[in-house]
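Reproduced below: data-v3.cif, with mmCIF, C-alpha atoms.
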```cif
data_model
#
loop_
_atom_site.group_PDB
_atom_site.id
_atom_site.type_symbol
_atom_site.label_atom_id
_atom_site.label_comp_id
_atom_site.auth_asym_id
_atom_site.auth_seq_id
_atom_site.Cartn_x
_atom_site.Cartn_y
_atom_site.Cartn_z
ATOM 1 C CA MET A 9 11.465 6.123 6.260
ATOM 2 C CA GLY A 10 11.796 8.222 3.124
ATOM 3 C CA ARG A 11 13.582 11.504 2.514
ATOM 4 C CA LEU A 12 11.911 14.866 3.067
ATOM 5 C CA PHE A 13 13.053 18.017 1.266
ATOM 6 C CA ALA A 14 12.003 21.523 2.312
ATOM 7 C CA ILE A 15 12.614 24.805 0.504
ATOM 8 C CA GLU A 16 11.558 28.304 1.533
ATOM 9 C CA ILE A 17 11.231 31.388 -0.649
ATOM 10 C CA ILE A 18 11.569 34.726 1.158
ATOM 11 C CA TYR A 19 10.070 37.604 -0.821
ATOM 12 C CA ARG A 20 8.527 41.060 -0.572
ATOM 13 C CA GLY A 21 4.778 40.895 -0.017
ATOM 14 C CA ILE A 22 2.575 41.753 -3.012
ATOM 15 C CA PHE A 23 5.505 42.984 -5.133
ATOM 16 C CA GLN A 24 6.983 39.488 -5.515
ATOM 17 C CA LYS A 25 4.000 37.324 -4.597
ATOM 18 C CA THR A 26 3.372 35.942 -8.084
ATOM 19 C CA MET A 27 7.019 35.055 -8.642
ATOM 20 C CA ALA A 28 7.322 33.271 -5.287
ATOM 21 C CA GLY A 29 4.201 31.267 -6.037
ATOM 22 C CA ARG A 30 5.498 30.245 -9.449
ATOM 23 C CA ILE A 31 8.820 29.086 -7.991
ATOM 24 C CA SER A 32 7.303 26.995 -5.196
ATOM 25 C CA ARG A 33 4.760 25.413 -7.535
ATOM 26 C CA ALA A 34 7.386 24.587 -10.174
ATOM 27 C CA ILE A 35 9.606 22.945 -7.536
ATOM 28 C CA VAL A 36 6.831 20.472 -6.762
ATOM 29 C CA LEU A 37 6.099 19.880 -10.463
ATOM 30 C CA ALA A 38 9.758 19.213 -11.244
ATOM 31 C CA ALA A 39 10.031 16.790 -8.328
ATOM 32 C CA HIS A 40 6.929 15.014 -9.608
ATOM 33 C CA HIS A 41 8.858 14.092 -12.771
ATOM 34 C CA GLU A 42 11.349 12.350 -10.464
ATOM 35 C CA GLY A 43 8.595 10.218 -8.940
ATOM 36 C CA LYS A 44 8.378 12.352 -5.783
ATOM 37 C CA LYS A 45 5.326 14.039 -4.316
ATOM 38 C CA GLY A 46 5.020 17.425 -2.719
ATOM 39 C CA ILE A 47 3.004 20.476 -1.816
ATOM 40 C CA SER A 48 3.585 24.227 -2.024
ATOM 41 C CA PHE A 49 1.968 26.772 0.269
ATOM 42 C CA GLY A 50 2.355 30.233 1.733
ATOM 43 C CA ARG A 51 3.085 31.017 5.364
ATOM 44 C CA TYR A 52 -0.224 31.281 7.197
ATOM 45 C CA GLY A 53 0.789 34.322 9.218
ATOM 46 C CA ASP A 54 1.464 36.399 6.083
ATOM 47 C CA SER A 55 -2.201 36.535 5.068
ATOM 48 C CA PRO A 56 -3.270 39.137 4.216
ATOM 49 C CA GLU A 57 -0.011 40.289 2.650
ATOM 50 C CA ARG A 58 1.153 43.872 2.838
ATOM 51 C CA ASN A 59 3.186 45.849 0.336
ATOM 52 C CA GLY A 60 6.891 45.180 0.750
ATOM 53 C CA ILE A 61 6.602 43.309 4.062
ATOM 54 C CA PRO A 62 8.734 40.114 4.065
ATOM 55 C CA ALA A 63 6.694 36.983 3.421
ATOM 56 C CA LYS A 64 7.417 33.297 2.776
ATOM 57 C CA ASN A 65 6.367 30.462 0.514
ATOM 58 C CA PHE A 66 7.331 26.841 1.125
ATOM 59 C CA ALA A 67 7.720 23.741 -1.031
ATOM 60 C CA ILE A 68 7.806 20.362 0.709
ATOM 61 C CA VAL A 69 8.734 17.270 -1.303
ATOM 62 C CA ALA A 70 9.040 13.660 -0.147
ATOM 63 C CA THR A 71 10.028 10.337 -1.644
ATOM 64 C CA ASP A 72 6.900 8.590 -0.323
ATOM 65 C CA ASP A 73 3.381 9.385 0.857
ATOM 66 C CA GLN A 74 3.943 8.696 4.551
ATOM 67 C CA THR A 75 6.947 11.019 4.774
ATOM 68 C CA LEU A 76 5.031 13.736 2.961
ATOM 69 C CA GLU A 77 2.082 13.409 5.345
ATOM 70 C CA GLU A 78 4.403 13.739 8.328
ATOM 71 C CA GLY A 79 5.935 16.868 6.816
ATOM 72 C CA MET A 80 2.508 18.365 6.061
ATOM 73 C CA ALA A 81 1.380 17.777 9.646
ATOM 74 C CA LYS A 82 3.749 20.524 10.810
ATOM 75 C CA TYR A 83 2.634 24.142 10.916
ATOM 76 C CA GLU A 84 5.623 25.027 8.734
ATOM 77 C CA PRO A 85 9.123 23.549 8.250
ATOM 78 C CA LYS A 86 11.445 23.889 11.228
ATOM 79 C CA GLU A 87 14.488 23.533 8.954
ATOM 80 C CA VAL A 88 15.030 23.699 5.204
ATOM 81 C CA ASP A 89 17.518 22.391 2.669
ATOM 82 C CA VAL A 90 17.471 25.587 0.606
ATOM 83 C CA THR A 91 16.510 29.179 1.401
ATOM 84 C CA ILE A 92 15.780 31.372 -1.610
ATOM 85 C CA CYS A 93 15.977 35.127 -1.010
ATOM 86 C CA VAL A 94 14.723 37.067 -4.033
ATOM 87 C CA ASP A 95 15.665 40.482 -2.610
ATOM 88 C CA ASP A 96 19.222 40.796 -1.291
ATOM 89 C CA THR A 97 18.292 43.574 1.156
ATOM 90 C CA LEU A 98 16.407 40.913 3.148
ATOM 91 C CA CYS A 99 19.759 39.341 3.978
ATOM 92 C CA LYS A 100 20.055 41.943 6.749
ATOM 93 C CA GLY A 101 17.274 40.108 8.553
ATOM 94 C CA VAL A 102 13.590 39.457 8.102
ATOM 95 C CA GLU A 103 11.107 41.373 10.238
ATOM 96 C CA SER A 104 7.775 40.150 9.015
ATOM 97 C CA TRP A 105 5.187 41.469 11.474
ATOM 98 C CA ALA A 106 3.921 41.622 15.047
ATOM 99 C CA TRP A 107 6.095 39.713 17.551
ATOM 100 C CA TYR A 108 8.449 38.020 15.085
ATOM 101 C CA GLY A 109 11.343 40.319 15.862
ATOM 102 C CA LEU A 110 14.311 40.258 13.483
ATOM 103 C CA GLN A 111 14.927 36.774 12.092
ATOM 104 C CA PRO A 112 18.203 35.981 10.278
ATOM 105 C CA VAL A 113 17.729 35.102 6.630
ATOM 106 C CA ASN A 114 19.595 31.822 7.204
ATOM 107 C CA ARG A 115 17.663 30.933 10.373
ATOM 108 C CA LEU A 116 16.026 27.718 9.070
ATOM 109 C CA LEU A 117 18.949 26.383 7.043
ATOM 110 C CA LYS A 118 20.113 22.869 7.880
ATOM 111 C CA PRO A 119 23.850 22.278 8.403
ATOM 112 C CA GLY A 120 25.340 22.391 4.922
ATOM 113 C CA GLY A 121 22.145 23.883 3.455
ATOM 114 C CA THR A 122 22.288 26.539 0.747
ATOM 115 C CA LEU A 123 21.189 30.161 0.709
ATOM 116 C CA ILE A 124 20.381 31.355 -2.832
ATOM 117 C CA VAL A 125 20.287 35.138 -3.200
ATOM 118 C CA THR A 126 19.300 37.203 -6.218
ATOM 119 C CA SER A 127 21.793 40.061 -6.259
ATOM 120 C CA ARG A 128 24.325 42.071 -8.211
ATOM 121 C CA GLU A 129 26.608 42.094 -5.171
ATOM 122 C CA GLY A 130 29.488 39.728 -4.512
ATOM 123 C CA PRO A 131 29.680 37.089 -1.763
ATOM 124 C CA GLU A 132 31.534 39.417 0.617
ATOM 125 C CA ALA A 133 28.676 41.932 0.681
ATOM 126 C CA ILE A 134 26.012 39.275 1.209
ATOM 127 C CA ILE A 135 27.970 37.518 3.976
ATOM 128 C CA ALA A 136 28.510 40.832 5.765
ATOM 129 C CA MET A 137 24.744 41.453 5.836
ATOM 130 C CA ALA A 138 23.666 37.955 6.915
ATOM 131 C CA HIS A 139 23.861 37.042 10.593
ATOM 132 C CA ARG A 140 26.337 34.418 11.717
ATOM 133 C CA LYS A 141 25.215 30.838 12.041
ATOM 134 C CA GLU A 142 26.552 28.257 14.494
ATOM 135 C CA TYR A 143 27.513 25.855 11.705
ATOM 136 C CA PRO A 144 28.736 26.215 8.087
ATOM 137 C CA TYR A 145 26.293 26.702 5.224
ATOM 138 C CA GLN A 146 26.559 27.328 1.486
ATOM 139 C CA LEU A 147 25.958 30.624 -0.298
ATOM 140 C CA SER A 148 25.040 30.852 -3.984
ATOM 141 C CA ILE A 149 24.434 34.180 -5.707
ATOM 142 C CA LEU A 150 22.146 34.381 -8.725
ATOM 143 C CA LYS A 151 23.492 37.379 -10.603
ATOM 144 C CA GLY A 152 20.848 39.874 -11.628
ATOM 145 C CA THR A 153 18.727 42.789 -10.512
ATOM 146 C CA VAL A 154 15.941 42.339 -8.015
ATOM 147 C CA SER A 155 12.710 41.405 -9.788
ATOM 148 C CA PHE A 156 9.671 43.225 -8.441
ATOM 149 C CA SER A 157 7.103 41.449 -10.520
ATOM 150 C CA GLY A 158 3.949 42.819 -8.991
ATOM 151 C CA LEU A 159 0.713 41.053 -8.160
ATOM 152 C CA TRP A 160 -1.409 41.491 -11.278
ATOM 153 C CA VAL A 161 1.195 42.275 -13.943
ATOM 154 C CA TYR A 162 4.031 39.750 -14.004
ATOM 155 C CA LYS A 163 7.504 40.908 -15.008
ATOM 156 C CA ASP A 164 8.607 37.792 -16.863
ATOM 157 C CA ASP A 165 12.379 38.298 -16.749
ATOM 158 C CA HIS A 166 13.171 34.583 -16.214
ATOM 159 C CA THR A 167 14.214 35.059 -12.586
ATOM 160 C CA ASP A 168 11.895 32.217 -11.596
ATOM 161 C CA VAL A 169 13.304 29.641 -14.035
ATOM 162 C CA ARG A 170 16.898 30.703 -13.367
ATOM 163 C CA ILE A 171 16.324 29.951 -9.685
ATOM 164 C CA LEU A 172 14.881 26.551 -10.613
ATOM 165 C CA GLY A 173 17.996 25.775 -12.629
ATOM 166 C CA ALA A 174 20.166 26.777 -9.672
ATOM 167 C CA ILE A 175 18.243 24.442 -7.351
ATOM 168 C CA ALA A 176 18.846 21.531 -9.731
ATOM 169 C CA LYS A 177 22.577 22.221 -9.544
ATOM 170 C CA ILE A 178 22.695 22.709 -5.767
ATOM 171 C CA LEU A 179 20.333 19.932 -4.720
ATOM 172 C CA PRO A 180 20.451 17.185 -7.384
ATOM 173 C CA GLU A 181 18.842 14.706 -4.941
ATOM 174 C CA LEU A 182 15.627 16.710 -5.278
ATOM 175 C CA PHE A 183 15.404 16.845 -9.073
ATOM 176 C CA SER A 184 17.580 16.981 -12.173
ATOM 177 C CA LEU A 185 17.893 19.724 -14.782
ATOM 178 C CA LYS A 186 15.985 17.535 -17.215
ATOM 179 C CA SER A 187 13.033 17.327 -14.839
ATOM 180 C CA VAL A 188 13.113 21.092 -14.306
ATOM 181 C CA GLN A 189 13.025 21.725 -18.039
ATOM 182 C CA ARG A 190 10.131 19.295 -18.503
ATOM 183 C CA ALA A 191 8.185 21.063 -15.755
ATOM 184 C CA ILE A 192 8.897 24.481 -17.289
ATOM 185 C CA VAL A 193 7.723 23.450 -20.752
ATOM 186 C CA ASP A 194 4.620 21.724 -19.366
ATOM 187 C CA GLU A 195 3.690 24.675 -17.185
ATOM 188 C CA TRP A 196 4.579 27.664 -19.382
ATOM 189 C CA LYS A 197 4.975 26.179 -22.899
ATOM 190 C CA ASP A 198 8.186 28.145 -23.402
ATOM 191 C CA GLU A 199 11.386 26.526 -24.649
ATOM 192 C CA LEU A 200 13.335 29.750 -24.069
ATOM 193 C CA LYS A 201 12.589 29.516 -20.358
ATOM 194 C CA ALA A 202 13.938 25.968 -20.335
ATOM 195 C CA THR A 203 17.106 27.264 -21.990
ATOM 196 C CA SER A 204 17.464 29.981 -19.329
ATOM 197 C CA ALA A 205 17.199 27.324 -16.615
ATOM 198 C CA ALA A 206 19.972 25.319 -18.306
ATOM 199 C CA LYS A 207 22.252 28.365 -18.510
ATOM 200 C CA SER A 208 21.668 29.107 -14.837
ATOM 201 C CA TYR A 209 22.449 25.471 -14.014
ATOM 202 C CA GLU A 210 25.830 25.728 -15.718
ATOM 203 C CA ARG A 211 26.740 29.042 -14.116
ATOM 204 C CA THR A 212 25.663 28.277 -10.551
ATOM 205 C CA THR A 213 28.441 27.985 -7.978
ATOM 206 C CA SER A 214 28.487 28.189 -4.202
ATOM 207 C CA ILE A 215 30.937 28.982 -1.428
ATOM 208 C CA THR A 216 31.055 27.840 2.194
ATOM 209 C CA VAL A 217 30.245 30.394 4.882
ATOM 210 C CA GLN A 218 31.940 29.593 8.176
ATOM 211 C CA PRO A 219 30.473 30.262 11.651
ATOM 212 C CA ASN A 220 32.922 33.138 12.207
ATOM 213 C CA GLN A 221 31.726 34.955 9.065
ATOM 214 C CA GLY A 222 28.823 37.350 8.910
ATOM 215 C CA ASN A 223 27.098 39.922 11.070
ATOM 216 C CA PRO A 224 27.961 39.169 14.742
ATOM 217 C CA GLU A 225 25.060 41.167 16.182
ATOM 218 C CA VAL A 226 22.311 39.303 18.028
ATOM 219 C CA PRO A 227 18.967 39.935 16.273
ATOM 220 C CA TYR A 228 16.531 41.855 18.442
ATOM 221 C CA LYS A 229 13.335 40.264 19.658
ATOM 222 C CA PHE A 230 10.244 41.221 21.613
ATOM 223 C CA ASP A 231 8.876 39.791 24.832
ATOM 224 C CA LEU A 232 5.258 38.794 24.511
ATOM 225 C CA PRO A 233 2.770 40.023 27.132
ATOM 226 C CA SER A 234 2.088 37.378 29.791
ATOM 227 C CA GLY A 235 -1.303 36.422 28.381
ATOM 228 C CA MET A 236 0.067 35.936 24.877
ATOM 229 C CA ARG A 237 3.018 33.936 26.203
ATOM 230 C CA TRP A 238 0.634 31.492 27.833
ATOM 231 C CA ALA A 239 -1.508 31.202 24.724
ATOM 232 C CA LYS A 240 1.534 30.622 22.535
ATOM 233 C CA ALA A 241 3.047 28.062 24.878
ATOM 234 C CA SER A 242 -0.145 26.072 25.446
ATOM 235 C CA PRO A 243 -2.865 26.801 22.899
ATOM 236 C CA PHE A 244 -4.598 23.471 23.549
ATOM 237 C CA PRO A 245 -4.328 22.300 27.190
ATOM 238 C CA ALA A 246 -4.142 18.537 27.564
ATOM 239 C CA SER A 247 -6.938 18.592 30.156
ATOM 240 C CA LEU A 248 -9.303 21.163 31.552
ATOM 241 C CA PRO A 249 -10.148 21.452 35.249
ATOM 242 C CA ALA A 250 -13.560 20.249 36.266
ATOM 243 C CA THR A 251 -16.061 23.099 36.368
ATOM 244 C CA LYS A 252 -19.075 23.197 38.670
ATOM 245 C CA TRP A 253 -21.936 24.663 36.753
ATOM 246 C CA THR A 254 -24.503 26.616 38.787
ATOM 247 C CA ILE A 255 -27.922 27.097 37.268
ATOM 248 C CA PRO A 256 -29.630 30.231 38.601
ATOM 249 C CA HIS A 257 -33.023 29.765 40.201
ATOM 250 C CA PRO A 258 -35.730 30.646 37.713
ATOM 251 C CA THR A 259 -37.950 33.607 38.274
ATOM 252 C CA PRO A 260 -41.348 32.910 39.844
ATOM 253 C CA ALA A 261 -43.611 31.193 37.393
ATOM 254 C CA ALA A 262 -46.441 33.163 35.902
ATOM 255 C CA ASP A 263 -49.899 32.629 37.270
ATOM 256 C CA PHE A 264 -51.702 30.565 34.693
ATOM 257 C CA SER A 265 -54.847 29.973 36.765
ATOM 258 C CA PRO A 266 -57.704 29.809 34.288
ATOM 259 C CA ILE A 267 -60.465 32.357 34.253
ATOM 260 C CA ALA A 268 -63.679 32.133 32.397
ATOM 261 C CA ILE A 269 -64.338 34.461 29.494
ATOM 262 C CA PRO A 270 -67.906 35.151 28.669
ATOM 263 C CA PRO A 271 -68.719 33.335 25.474
ATOM 264 C CA SER A 272 -69.432 35.420 22.475
ATOM 265 C CA ARG A 273 -72.084 34.607 20.003
ATOM 266 C CA ASN A 274 -71.327 31.506 17.905
ATOM 267 C CA SER A 275 -68.132 30.791 19.868
ATOM 268 C CA ALA A 276 -67.084 28.179 22.402
ATOM 269 C CA PRO A 277 -65.881 29.091 25.929
ATOM 270 C CA ALA A 278 -62.151 29.905 26.038
ATOM 271 C CA LEU A 279 -59.498 30.021 28.754
ATOM 272 C CA CYS A 280 -56.842 32.722 29.149
ATOM 273 C CA GLY A 281 -53.852 32.961 31.461
ATOM 274 C CA ARG A 282 -53.585 35.819 33.947
ATOM 275 C CA TRP A 283 -49.993 37.262 34.265
#
```
Would you mind writing the file out in C-alpha cells?
Amino acid sequence: MGRLFAIEIIYRGIFQKTMAGRISRAIVLAAHHEGKKGISFGRYGDSPERNGIPAKNFAIVATDDQTLEEGMAKYEPKEVDVTICVDDTLCKGVESWAWYGLQPVNRLLKPGGTLIVTSREGPEAIIAMAHRKEYPYQLSILKGTVSFSGLWVYKDDHTDVRILGAIAKILPELFSLKSVQRAIVDEWKDELKATSAAKSYERTTSITVQPNQGNPEVPYKFDLPSGMRWAKASPFPASLPATKWTIPHPTPAADFSPIAIPPSRNSAPALCGRW
C-alpha cells in the first residue's frame, strides 16, 4: 500500500478562485517531478461559486496508481496533511452554504498536520481565532497581505508560488524545493517566481498548537429537516421493497365494426371504423 497525500485550499469564492486553482494544479505538477501522481479538483458543493463565500480546492497525490484510485473514489478527503487558508479571517470558521454550519478551519487536519495561513498577524492572533482541536497540529504563517486576485484579472503577487515553497519546507515527503521550482518554470516560464518560492522555503517556520489553545466555543450547526436527514444518511438504499404494480383496466374499446361506403367513381370500396 502506497502513501496518499491530501491538501486543501480554503479561499474566498470568485475573488480567489484563480489563485486557488493555480496552487492546487502546481502541487500535482511538482509531485509529478518526484514520480508521484495526483489530481486537483474543486469541492462539488461550491459550484456555482458566489462572491466572497468560502470555497475549497483539493490536491490529492499518491505514490502509486492504486492508492490514487482509492483516494479519488472518495467524495472529498476526510482528512488532509496540509490546510492552506489564503484569507486569515476564515480562521474564525468556515460557513460555506446551506446546512454546513460553522466548520473550524482546522477541521480536516490530521494529527501533526499543518495549517498555512496568509496573514500579517502573529501566531497568537491566528490561534485565538481558530477553534481548538483535540490533538496538536502545526501552524505556519506566510507573511503578507491577503491576495484578492479576482476571477478574470489575476493579481500576480507571487502568493501562489510562496505557498508552494512553504509546502516543500513543511511536507518534504510530498515534493522537494527543486521539484517545485521545476514545476513553476515549466508552468509559468518565470525564473523570478522560482526564486520567490526558494525565499519562502527558507523563511517558513511553524509552531505547535496544543489542544488547550484556541477558541473554546463549539461551532454552531443546523439540524436538517427529517426528509433531508434520511436522504443524507441513505441516498442509495441497499435494497428496495417489492412493489405490486397495478395496471388500470383500459377504457372500453372503440367500435371498429366495418360499414360499407358507397364507392365513388373510379375508386375501390373502402372500410371505415365507427367510433
Original post:
For the file shown, what are the residues hit by the PyMOL selection byres ((chain A and resi 89) around 10), laid out as a list in words?
Top reply: Leu12, Phe13, Ala14, Ile15, Glu16, Glu87, Val88, Val90, Thr91, Leu116, Leu117, Lys118, Pro119, Gly120, Gly121, Thr122, Leu123, Ile178, Leu179 and Leu182 of chain A
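Between atom CA of Arg115 of chain A and atom CA of Lys141 of chain A the interatomic distance comes to 7.7 Å.
The gap separating atom CA of Ala191 of chain A from atom CA of His40 of chain A is 8.7 Å, in Å to one decimal.
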Subject >> All residues 10 Å or closer to Ala106 of chain A, all atoms listed in the file, same chain fewer than 6 positions away omitted, as number ranges by chain >> reply: A: 53, 230, 232
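Counting all atoms listed in the file, the residue from A:Lys186, A:Glu77, A:Ala176, A:Ser104 that sits nearest to Thr213 of chain A is A:Ala176.
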